[in-house]
file upload-v6.cif (mmCIF, C-alpha atoms and all ligand atoms)
data_data
loop_
_atom_site.group_PDB
_atom_site.id
_atom_site.type_symbol
_atom_site.label_atom_id
_atom_site.label_comp_id
_atom_site.auth_asym_id
_atom_site.auth_seq_id
_atom_site.Cartn_x
_atom_site.Cartn_y
_atom_site.Cartn_z
ATOM 1 C CA MET A 1196 -26.635 13.085 -28.241
ATOM 2 C CA ASN A 1197 -24.675 11.813 -25.333
ATOM 3 C CA ASP A 1198 -26.067 8.892 -23.452
ATOM 4 C CA THR A 1199 -22.784 7.784 -21.911
ATOM 5 C CA PRO A 1200 -23.623 6.751 -18.366
ATOM 6 C CA SER A 1201 -22.026 8.911 -15.664
ATOM 7 C CA TRP A 1202 -20.022 6.047 -14.183
ATOM 8 C CA TRP A 1203 -18.110 5.811 -17.445
ATOM 9 C CA ARG A 1204 -16.977 9.455 -17.449
ATOM 10 C CA ALA A 1205 -14.086 9.139 -15.004
ATOM 11 C CA PRO A 1206 -13.166 5.554 -15.755
ATOM 12 C CA LEU A 1207 -9.448 5.728 -14.970
ATOM 13 C CA ALA A 1208 -9.861 7.239 -11.529
ATOM 14 C CA ARG A 1209 -12.653 4.786 -10.725
ATOM 15 C CA LEU A 1210 -10.752 1.844 -12.088
ATOM 16 C CA GLY A 1211 -7.621 2.893 -10.197
ATOM 17 C CA ALA A 1212 -9.491 3.206 -6.903
ATOM 18 C CA TRP A 1213 -11.285 -0.098 -7.468
ATOM 19 C CA ARG A 1214 -8.048 -1.911 -8.293
ATOM 20 C CA GLU A 1215 -6.395 -0.446 -5.208
ATOM 21 C CA GLU A 1216 -9.251 -1.554 -2.940
ATOM 22 C CA ARG A 1217 -9.059 -5.045 -4.410
ATOM 23 C CA ALA A 1218 -5.271 -5.185 -3.908
ATOM 24 C CA LEU A 1219 -5.539 -3.948 -0.312
ATOM 25 C CA ALA A 1220 -8.102 -6.649 0.448
ATOM 26 C CA ARG A 1221 -6.075 -9.335 -1.326
ATOM 27 C CA ARG A 1222 -2.832 -8.408 0.427
ATOM 28 C CA ALA A 1223 -4.132 -7.401 3.855
ATOM 29 C CA ILE A 1224 -1.252 -7.753 6.336
ATOM 30 C CA PRO A 1225 -2.081 -9.761 9.477
ATOM 31 C CA ASP A 1226 -1.670 -7.765 12.718
ATOM 32 C CA ASP A 1227 0.893 -10.135 14.248
ATOM 33 C CA LEU A 1228 3.083 -10.102 11.143
ATOM 34 C CA TRP A 1229 2.954 -6.303 11.002
ATOM 35 C CA ALA A 1230 3.861 -6.001 14.690
ATOM 36 C CA LEU A 1231 6.812 -8.358 14.152
ATOM 37 C CA THR A 1232 8.016 -6.299 11.179
ATOM 38 C CA LEU A 1233 7.926 -3.051 13.175
ATOM 39 C CA LEU A 1234 9.931 -4.755 15.959
ATOM 40 C CA ARG A 1235 12.558 -5.901 13.461
ATOM 41 C CA LEU A 1236 12.981 -2.382 12.057
ATOM 42 C CA PRO A 1237 13.553 -0.141 15.093
ATOM 43 C CA PHE A 1238 14.227 2.906 12.883
ATOM 44 C CA LEU A 1239 10.484 2.898 12.062
ATOM 45 C CA ALA A 1240 9.664 3.683 15.702
ATOM 46 C CA ARG A 1241 9.906 7.429 14.939
ATOM 47 C CA LEU A 1242 6.877 7.282 12.630
ATOM 48 C CA ARG A 1243 3.574 8.742 13.802
ATOM 49 C CA ASP A 1244 0.561 6.399 13.920
ATOM 50 C CA ASP A 1245 -0.897 7.776 10.668
ATOM 51 C CA ASP A 1246 2.463 7.281 8.927
ATOM 52 C CA VAL A 1247 2.628 3.682 10.185
ATOM 53 C CA ALA A 1248 -0.873 3.099 8.786
ATOM 54 C CA GLU A 1249 0.146 4.586 5.433
ATOM 55 C CA LEU A 1250 3.328 2.468 5.381
ATOM 56 C CA ARG A 1251 1.214 -0.643 6.005
ATOM 57 C CA ARG A 1252 -1.146 0.353 3.165
ATOM 58 C CA LEU A 1253 1.792 0.905 0.785
ATOM 59 C CA CYS A 1254 3.257 -2.469 1.803
ATOM 60 C CA SER A 1255 0.039 -4.239 0.753
ATOM 61 C CA LEU A 1256 0.095 -2.507 -2.634
ATOM 62 C CA PHE A 1257 3.834 -3.175 -3.013
ATOM 63 C CA LEU A 1258 3.369 -6.884 -2.267
ATOM 64 C CA ASP A 1259 0.553 -6.991 -4.801
ATOM 65 C CA ARG A 1260 2.624 -5.385 -7.571
ATOM 66 C CA LYS A 1261 6.012 -7.048 -7.064
ATOM 67 C CA GLN A 1262 7.073 -10.656 -7.548
ATOM 68 C CA PHE A 1263 9.607 -12.230 -5.213
ATOM 69 C CA HIS A 1264 11.912 -14.993 -6.378
ATOM 70 C CA GLY A 1265 14.098 -16.869 -3.916
ATOM 71 C CA VAL A 1266 17.225 -18.402 -5.445
ATOM 72 C CA GLY A 1267 20.058 -20.583 -4.128
ATOM 73 C CA GLY A 1268 17.580 -22.747 -2.212
ATOM 74 C CA LEU A 1269 15.997 -19.768 -0.454
ATOM 75 C CA ALA A 1270 12.195 -19.757 -0.094
ATOM 76 C CA VAL A 1271 10.831 -16.225 0.370
ATOM 77 C CA THR A 1272 8.216 -16.411 3.141
ATOM 78 C CA ASP A 1273 5.517 -13.815 3.884
ATOM 79 C CA ASP A 1274 7.476 -12.294 6.749
ATOM 80 C CA MET A 1275 10.603 -11.981 4.553
ATOM 81 C CA ALA A 1276 8.674 -10.313 1.736
ATOM 82 C CA LEU A 1277 7.066 -7.928 4.223
ATOM 83 C CA LEU A 1278 10.422 -7.050 5.806
ATOM 84 C CA ILE A 1279 11.675 -6.061 2.345
ATOM 85 C CA ALA A 1280 8.439 -4.227 1.479
ATOM 86 C CA ALA A 1281 8.433 -2.133 4.670
ATOM 87 C CA GLN A 1282 11.982 -0.895 4.047
ATOM 88 C CA ALA A 1283 11.348 -0.310 0.328
ATOM 89 C CA CYS A 1284 8.167 1.696 1.012
ATOM 90 C CA LEU A 1285 9.703 3.958 3.689
ATOM 91 C CA PRO A 1286 11.407 6.371 1.239
ATOM 92 C CA VAL A 1287 8.232 6.727 -0.860
ATOM 93 C CA LEU A 1288 5.867 7.133 2.111
ATOM 94 C CA ARG A 1289 4.851 10.577 0.795
ATOM 95 C CA LEU A 1290 5.778 10.128 -2.863
ATOM 96 C CA GLY A 1291 3.857 6.978 -3.713
ATOM 97 C CA LEU A 1292 4.783 3.683 -5.335
ATOM 98 C CA GLY A 1293 4.798 5.090 -8.887
ATOM 99 C CA LEU A 1294 8.555 5.622 -8.550
ATOM 100 C CA TYR A 1295 8.937 1.822 -8.471
ATOM 101 C CA ASP A 1296 6.792 1.080 -11.534
ATOM 102 C CA ALA A 1297 9.730 0.312 -13.855
ATOM 103 C CA PHE A 1298 10.278 -3.215 -12.538
ATOM 104 C CA VAL A 1299 8.351 -6.116 -11.006
ATOM 105 C CA GLY A 1300 10.836 -8.822 -9.980
ATOM 106 C CA ILE A 1301 12.807 -8.937 -6.730
ATOM 107 C CA VAL A 1302 15.390 -11.725 -6.615
ATOM 108 C CA VAL A 1303 16.483 -12.732 -3.116
ATOM 109 C CA HIS A 1304 19.755 -14.620 -2.603
ATOM 110 C CA PRO A 1305 20.631 -16.246 0.746
ATOM 111 C CA ASP A 1306 23.977 -14.427 0.962
ATOM 112 C CA GLU A 1307 26.260 -12.073 -0.908
ATOM 113 C CA VAL A 1308 26.625 -12.819 -4.602
ATOM 114 C CA VAL A 1309 29.985 -12.917 -6.346
ATOM 115 C CA ALA A 1310 29.618 -11.197 -9.713
ATOM 116 C CA GLN A 1311 32.162 -11.587 -12.508
ATOM 117 C CA ARG A 1312 33.032 -8.138 -13.833
ATOM 118 C CA SER A 1313 35.264 -6.926 -16.597
ATOM 119 C CA VAL A 1314 36.560 -3.457 -17.334
ATOM 120 C CA MET A 1315 38.581 -2.182 -20.298
ATOM 121 C CA ASP A 1316 41.546 0.057 -19.530
ATOM 122 C CA GLU A 1317 42.763 2.911 -21.731
ATOM 123 C CA ASP A 1318 45.062 0.531 -23.666
ATOM 124 C CA GLY A 1319 42.049 -1.598 -24.613
ATOM 125 C CA ILE A 1320 43.038 -4.441 -22.284
ATOM 126 C CA VAL A 1321 40.109 -6.122 -20.540
ATOM 127 C CA HIS A 1322 40.592 -6.863 -16.849
ATOM 128 C CA GLU A 1323 38.413 -9.484 -15.179
ATOM 129 C CA TYR A 1324 37.593 -9.179 -11.509
ATOM 130 C CA GLU A 1325 35.081 -10.345 -8.941
ATOM 131 C CA GLU A 1326 32.734 -8.121 -6.998
ATOM 132 C CA ASN A 1327 30.772 -9.099 -3.880
ATOM 133 C CA LEU A 1328 27.227 -7.804 -4.112
ATOM 134 C CA THR A 1329 24.703 -7.471 -1.284
ATOM 135 C CA GLY A 1330 22.204 -5.958 -3.691
ATOM 136 C CA GLU A 1331 21.871 -4.598 -7.184
ATOM 137 C CA ALA A 1332 19.329 -2.407 -8.957
ATOM 138 C CA MET A 1333 19.316 -2.452 -12.739
ATOM 139 C CA SER A 1334 17.394 -0.184 -15.059
ATOM 140 C CA GLY A 1335 14.154 -2.031 -15.878
ATOM 141 C CA GLY A 1336 14.814 -4.583 -13.100
ATOM 142 C CA PRO A 1337 14.881 -7.094 -11.567
ATOM 143 C CA LEU A 1338 16.231 -5.909 -8.237
ATOM 144 C CA MET A 1339 18.583 -8.224 -6.333
ATOM 145 C CA LEU A 1340 18.994 -8.449 -2.556
ATOM 146 C CA ALA A 1341 21.046 -10.663 -0.230
ATOM 147 C CA TRP A 1342 18.763 -11.906 2.549
ATOM 148 C CA SER A 1343 21.674 -12.072 5.036
ATOM 149 C CA ASP A 1344 21.928 -8.276 4.859
ATOM 150 C CA VAL A 1345 18.187 -7.578 4.673
ATOM 151 C CA ARG A 1346 17.664 -9.652 7.826
ATOM 152 C CA ASP A 1347 20.284 -7.712 9.801
ATOM 153 C CA ALA A 1348 18.683 -4.314 9.136
ATOM 154 C CA ALA A 1349 18.373 -3.433 12.850
ATOM 155 C CA GLU A 1350 22.108 -3.943 13.494
ATOM 156 C CA GLY A 1351 23.015 -2.288 10.180
ATOM 157 C CA ALA A 1352 21.249 0.910 11.224
ATOM 158 C CA ASP A 1353 23.930 1.394 13.901
ATOM 159 C CA TRP A 1354 26.394 2.164 11.119
ATOM 160 C CA ALA A 1355 23.877 3.855 8.784
ATOM 161 C CA TYR A 1356 23.683 0.766 6.581
ATOM 162 C CA ASN A 1357 20.536 -0.515 4.865
ATOM 163 C CA VAL A 1358 20.772 -2.563 1.683
ATOM 164 C CA VAL A 1359 17.053 -2.349 0.799
ATOM 165 C CA ILE A 1360 16.920 1.436 1.075
ATOM 166 C CA HIS A 1361 20.217 1.648 -0.853
ATOM 167 C CA GLU A 1362 18.918 -0.331 -3.822
ATOM 168 C CA PHE A 1363 15.544 1.421 -3.879
ATOM 169 C CA ALA A 1364 17.351 4.786 -3.781
ATOM 170 C CA HIS A 1365 18.996 3.669 -7.040
ATOM 171 C CA VAL A 1366 15.532 2.798 -8.406
ATOM 172 C CA ILE A 1367 14.286 6.305 -7.523
ATOM 173 C CA ASP A 1368 17.403 7.828 -9.138
ATOM 174 C CA MET A 1369 16.861 5.754 -12.305
ATOM 175 C CA ALA A 1370 13.216 6.837 -12.521
ATOM 176 C CA ALA A 1371 14.673 10.058 -13.992
ATOM 177 C CA GLY A 1372 17.043 8.404 -16.475
ATOM 178 C CA PRO A 1373 20.488 6.825 -16.005
ATOM 179 C CA ALA A 1374 21.737 6.727 -12.388
ATOM 180 C CA ASP A 1375 23.404 10.079 -11.670
ATOM 181 C CA GLY A 1376 22.288 10.985 -8.147
ATOM 182 C CA VAL A 1377 19.370 13.081 -9.433
ATOM 183 C CA PRO A 1378 15.859 11.718 -8.787
ATOM 184 C CA PRO A 1379 12.733 12.834 -10.673
ATOM 185 C CA LEU A 1380 12.189 16.556 -10.064
ATOM 186 C CA PRO A 1381 9.441 18.902 -11.268
ATOM 187 C CA ASP A 1382 11.495 21.093 -13.611
ATOM 188 C CA ALA A 1383 14.928 22.113 -14.912
ATOM 189 C CA ALA A 1384 15.393 24.758 -12.212
ATOM 190 C CA ALA A 1385 14.780 22.197 -9.448
ATOM 191 C CA ARG A 1386 17.220 19.868 -11.201
ATOM 192 C CA ALA A 1387 19.895 22.571 -11.348
ATOM 193 C CA ARG A 1388 19.415 23.347 -7.635
ATOM 194 C CA TRP A 1389 19.643 19.642 -6.786
ATOM 195 C CA ILE A 1390 22.868 19.192 -8.747
ATOM 196 C CA ALA A 1391 24.446 22.253 -7.097
ATOM 197 C CA VAL A 1392 23.719 20.901 -3.598
ATOM 198 C CA ILE A 1393 24.635 17.256 -4.182
ATOM 199 C CA ASP A 1394 27.837 18.126 -6.067
ATOM 200 C CA GLY A 1395 28.957 20.348 -3.182
ATOM 201 C CA ALA A 1396 28.057 17.731 -0.566
ATOM 202 C CA TYR A 1397 29.748 14.991 -2.604
ATOM 203 C CA GLU A 1398 32.965 17.024 -2.882
ATOM 204 C CA ASP A 1399 32.987 17.670 0.890
ATOM 205 C CA PHE A 1400 32.307 13.974 1.542
ATOM 206 C CA CYS A 1401 35.135 12.790 -0.726
ATOM 207 C CA ALA A 1402 37.503 15.188 1.072
ATOM 208 C CA LEU A 1403 36.518 13.627 4.433
ATOM 209 C CA VAL A 1404 37.011 10.104 3.081
ATOM 210 C CA ASP A 1405 40.374 11.045 1.533
ATOM 211 C CA ALA A 1406 41.441 12.504 4.884
ATOM 212 C CA GLY A 1407 40.640 9.178 6.564
ATOM 213 C CA VAL A 1408 37.762 10.598 8.637
ATOM 214 C CA ASP A 1409 35.368 7.997 10.050
ATOM 215 C CA THR A 1410 32.208 9.200 8.294
ATOM 216 C CA VAL A 1411 28.578 8.401 9.209
ATOM 217 C CA VAL A 1412 27.803 7.891 5.522
ATOM 218 C CA ASP A 1413 29.371 4.735 4.067
ATOM 219 C CA PRO A 1414 32.744 5.675 2.493
ATOM 220 C CA TYR A 1415 31.702 3.532 -0.482
ATOM 221 C CA GLY A 1416 29.747 6.644 -1.488
ATOM 222 C CA ALA A 1417 33.012 8.259 -2.632
ATOM 223 C CA GLU A 1418 32.988 5.882 -5.647
ATOM 224 C CA ALA A 1419 30.589 8.037 -7.656
ATOM 225 C CA VAL A 1420 27.895 10.655 -7.070
ATOM 226 C CA GLU A 1421 25.092 8.113 -7.709
ATOM 227 C CA GLU A 1422 26.544 5.892 -4.971
ATOM 228 C CA PHE A 1423 26.849 8.919 -2.696
ATOM 229 C CA PHE A 1424 23.134 9.577 -3.271
ATOM 230 C CA ALA A 1425 22.250 5.960 -2.379
ATOM 231 C CA VAL A 1426 24.365 5.789 0.815
ATOM 232 C CA ALA A 1427 23.147 9.244 1.878
ATOM 233 C CA VAL A 1428 19.514 8.081 1.500
ATOM 234 C CA GLU A 1429 20.342 5.032 3.678
ATOM 235 C CA ALA A 1430 21.857 7.245 6.376
ATOM 236 C CA PHE A 1431 18.965 9.723 6.147
ATOM 237 C CA PHE A 1432 16.380 7.063 6.941
ATOM 238 C CA VAL A 1433 18.193 4.866 9.479
ATOM 239 C CA ALA A 1434 20.653 7.269 11.156
ATOM 240 C CA GLY A 1435 19.043 10.681 10.668
ATOM 241 C CA VAL A 1436 20.537 12.491 13.674
ATOM 242 C CA PRO A 1437 24.240 11.735 13.024
ATOM 243 C CA PHE A 1438 23.694 12.162 9.270
ATOM 244 C CA ARG A 1439 22.207 15.656 9.727
ATOM 245 C CA ARG A 1440 25.209 16.591 11.877
ATOM 246 C CA GLU A 1441 27.681 15.335 9.243
ATOM 247 C CA SER A 1442 25.987 16.699 6.138
ATOM 248 C CA PRO A 1443 23.331 19.336 6.957
ATOM 249 C CA ALA A 1444 22.927 20.514 3.350
ATOM 250 C CA MET A 1445 22.402 16.973 2.089
ATOM 251 C CA TYR A 1446 20.028 16.260 4.968
ATOM 252 C CA THR A 1447 17.881 19.275 4.049
ATOM 253 C CA LEU A 1448 17.913 18.310 0.365
ATOM 254 C CA LEU A 1449 16.672 14.786 1.154
ATOM 255 C CA SER A 1450 14.221 15.988 3.813
ATOM 256 C CA ASP A 1451 12.598 18.388 1.326
ATOM 257 C CA TYR A 1452 12.492 15.711 -1.359
ATOM 258 C CA PHE A 1453 11.127 12.817 0.687
ATOM 259 C CA GLN A 1454 8.941 15.140 2.844
ATOM 260 C CA GLN A 1455 10.181 13.380 5.970
ATOM 261 C CA ASP A 1456 12.329 14.598 8.863
ATOM 262 C CA PRO A 1457 13.772 11.507 10.586
ATOM 263 C CA ALA A 1458 16.238 13.472 12.770
ATOM 264 C CA SER A 1459 13.498 15.580 14.353
ATOM 265 C CA ALA A 1460 10.921 12.890 15.066
HETATM 266 ZN ZN ZN B 1501 24.854 1.229 -5.065
#
call {"tool": "encode", "arguments": {"input": "upload-v6.cif", "output": "structure tokens", "more": "lines below"}}
Ligand SMILES: [Zn+2]
result
Amino acid sequence: MNDTPSWWRAPLARLGAWREERALARRAIPDDLWALTLLRLPFLARLRDDDVAELRRLCSLFLDRKQFHGVGGLAVTDDMALLIAAQACLPVLRLGLGLYDAFVGIVVHPDEVVAQRSVMDEDGIVHEYEENLTGEAMSGGPLMLAWSDVRDAAEGADWAYNVVIHEFAHVIDMAAGPADGVPPLPDAAARARWIAVIDGAYEDFCALVDAGVDTVVDPYGAEAVEEFFAVAVEAFFVAGVPFRRESPAMYTLLSDYFQQDPASA
């Protein structure tokens, strides 16, 4: 005998949809604030109307799921949180917010943060040094951002720079294990294809940087393949046309993955 009511049979899907509707209502973005955000991020102008609507929907869900913490005397206002959300949601416009599920907290500093680092050399001697950070993504979170750089996103796009997209690219990378420039992919064959393309593109990029060429992609990417992935994702989304010219293979790889084509819009 089965007298389970029908509404109980697909509880997860129903619950998920109900939760999403509640979150969208709770975090509805006022029209004027949304218009201001689009003005502040001119690289979003390429998006079609339905993409803009989807980005706005994702922003509401993102704001509902993440917690912002201002530090160093910084109070994170609604328009600041939305400016971060809109840039964070752009890469996952077609992939969904599940890629960001591993963390909740976003810590916003007023300016760059000086981090004390130490590294051990091959003789076992520990060297202390300082590193200036504009953002940092750690496995399991929280994610750190410097507001000074988030705020200047429009100007940054002129040199293919975007700190929010950079750090969220690391989050996407780490959704498939330790940061190595390989995001979650459907199977081993797709992973092997990805590695072949990014390794080739990374080698070509390092050769350009070594030769002193003024690259579109931030030369910081030559540090390691996972940094190359993050700076390439920045360039893809905010400087698509020059990036495609510089690194067509990498552009195609990212375009297929993110299901977006910023250079052609
Ligand atoms: Zn990085």
call {"tool": "closest_atom_pairs", "arguments": {"input": "upload-v6.cif", "of": "chain A", "to": "ligand ZN 1501 (chain B)", "cutoff": "10 Å", "atoms": "only C-alpha atoms and all ligand atoms", "output": "tab-separated table"}}
result
residue	atom	partner	partner_atom	distance
A:Leu1328	CA	B:ZN1501	ZN	9.4
A:Thr1329	CA	B:ZN1501	ZN	9.5
A:Gly1330	CA	B:ZN1501	ZN	7.8
A:Glu1331	CA	B:ZN1501	ZN	6.9
A:Ala1332	CA	B:ZN1501	ZN	7.7
A:Val1358	CA	B:ZN1501	ZN	8.8
A:His1361	CA	B:ZN1501	ZN	6.3
A:Glu1362	CA	B:ZN1501	ZN	6.3
A:Phe1363	CA	B:ZN1501	ZN	9.4
A:Ala1364	CA	B:ZN1501	ZN	8.4
A:His1365	CA	B:ZN1501	ZN	6.6
A:Ala1374	CA	B:ZN1501	ZN	9.7
A:Tyr1415	CA	B:ZN1501	ZN	8.6
A:Gly1416	CA	B:ZN1501	ZN	8.1
A:Glu1418	CA	B:ZN1501	ZN	9.4
A:Ala1419	CA	B:ZN1501	ZN	9.3
A:Glu1421	CA	B:ZN1501	ZN	7.4
A:Glu1422	CA	B:ZN1501	ZN	5.0
A:Phe1423	CA	B:ZN1501	ZN	8.3
A:Phe1424	CA	B:ZN1501	ZN	8.7
A:Ala1425	CA	B:ZN1501	ZN	6.0
A:Val1426	CA	B:ZN1501	ZN	7.5
call {"tool": "closest_residue", "arguments": {"input": "upload-v6.cif", "among": "A:Leu1236, A:Val1428, A:Val1271, A:Val1314", "to": "A:Ala1352", "atoms": "all atoms listed in the file"}}
result
A:Leu1236
call {"tool": "resolve_selection", "arguments": {"input": "upload-v6.cif", "expression": "the PyMOL selection byres (((chain A and resi 1393-1396) around 10) and not hetatm)", "output": "list in words"}}
result
Gly1376, Val1377, Arg1388, Trp1389, Ile1390, Ala1391, Val1392, Tyr1397, Glu1398, Asp1399, Phe1400, Cys1401, Ala1402, Val1420, Glu1421, Phe1423, Phe1424, Ser1442, Pro1443, Ala1444, Met1445, Tyr1446, Leu1448 and Leu1449 of chain A
call {"tool": "write_last_selection", "arguments": {"input": "upload-v6.cif", "atoms": "C-alpha atoms", "output": "PDB file, in the coordinates of the input"}}
result
ATOM      1  CA  GLY A1376      22.288  10.985  -8.147  1.00  0.00           C
ATOM      2  CA  VAL A1377      19.370  13.081  -9.433  1.00  0.00           C
ATOM      3  CA  ARG A1388      19.415  23.347  -7.635  1.00  0.00           C
ATOM      4  CA  TRP A1389      19.643  19.642  -6.786  1.00  0.00           C
ATOM      5  CA  ILE A1390      22.868  19.192  -8.747  1.00  0.00           C
ATOM      6  CA  ALA A1391      24.446  22.253  -7.097  1.00  0.00           C
ATOM      7  CA  VAL A1392      23.719  20.901  -3.598  1.00  0.00           C
ATOM      8  CA  TYR A1397      29.748  14.991  -2.604  1.00  0.00           C
ATOM      9  CA  GLU A1398      32.965  17.024  -2.882  1.00  0.00           C
ATOM     10  CA  ASP A1399      32.987  17.670   0.890  1.00  0.00           C
ATOM     11  CA  PHE A1400      32.307  13.974   1.542  1.00  0.00           C
ATOM     12  CA  CYS A1401      35.135  12.790  -0.726  1.00  0.00           C
ATOM     13  CA  ALA A1402      37.503  15.188   1.072  1.00  0.00           C
ATOM     14  CA  VAL A1420      27.895  10.655  -7.070  1.00  0.00           C
ATOM     15  CA  GLU A1421      25.092   8.113  -7.709  1.00  0.00           C
ATOM     16  CA  PHE A1423      26.849   8.919  -2.696  1.00  0.00           C
ATOM     17  CA  PHE A1424      23.134   9.577  -3.271  1.00  0.00           C
ATOM     18  CA  SER A1442      25.987  16.699   6.138  1.00  0.00           C
ATOM     19  CA  PRO A1443      23.331  19.336   6.957  1.00  0.00           C
ATOM     20  CA  ALA A1444      22.927  20.514   3.350  1.00  0.00           C
ATOM     21  CA  MET A1445      22.402  16.973   2.089  1.00  0.00           C
ATOM     22  CA  TYR A1446      20.028  16.260   4.968  1.00  0.00           C
ATOM     23  CA  LEU A1448      17.913  18.310   0.365  1.00  0.00           C
ATOM     24  CA  LEU A1449      16.672  14.786   1.154  1.00  0.00           C
TER      25      LEU A1449
END
call {"tool": "closest_residue", "arguments": {"input": "upload-v6.cif", "among": "A:Glu1325, A:Asp1347, A:Asp1226, A:Asp1451", "to": "A:Leu1278", "atoms": "all atoms listed in the file"}}
result
A:Asp1347
call {"tool": "resolve_selection", "arguments": {"input": "upload-v6.cif", "expression": "the PyMOL selection byres (((chain A and resi 1285-1289) around 10) and not hetatm)", "output": "MDAnalysis selection string"}}
result
chainID A and resid 1239 1242 1246:1247 1249:1254 1280:1284 1290:1295 1360 1363:1364 1367 1428:1429 1431:1432 1449 1452:1455
call {"tool": "residues_around", "arguments": {"input": "upload-v6.cif", "residues": "A:Arg1312", "least_positions_apart": "4", "cutoff": "12 Å", "atoms": "all atoms listed in the file", "output": "list in words"}}
result
Val1321, His1322, Glu1323, Tyr1324, Glu1325, Glu1326, Asn1327 and Leu1328 of chain A
call {"tool": "resolve_selection", "arguments": {"input": "upload-v6.cif", "expression": "the PyMOL selection byres (((chain A and resi 1355) around 7) and not hetatm)", "output": "count of residues only"}}
result
12
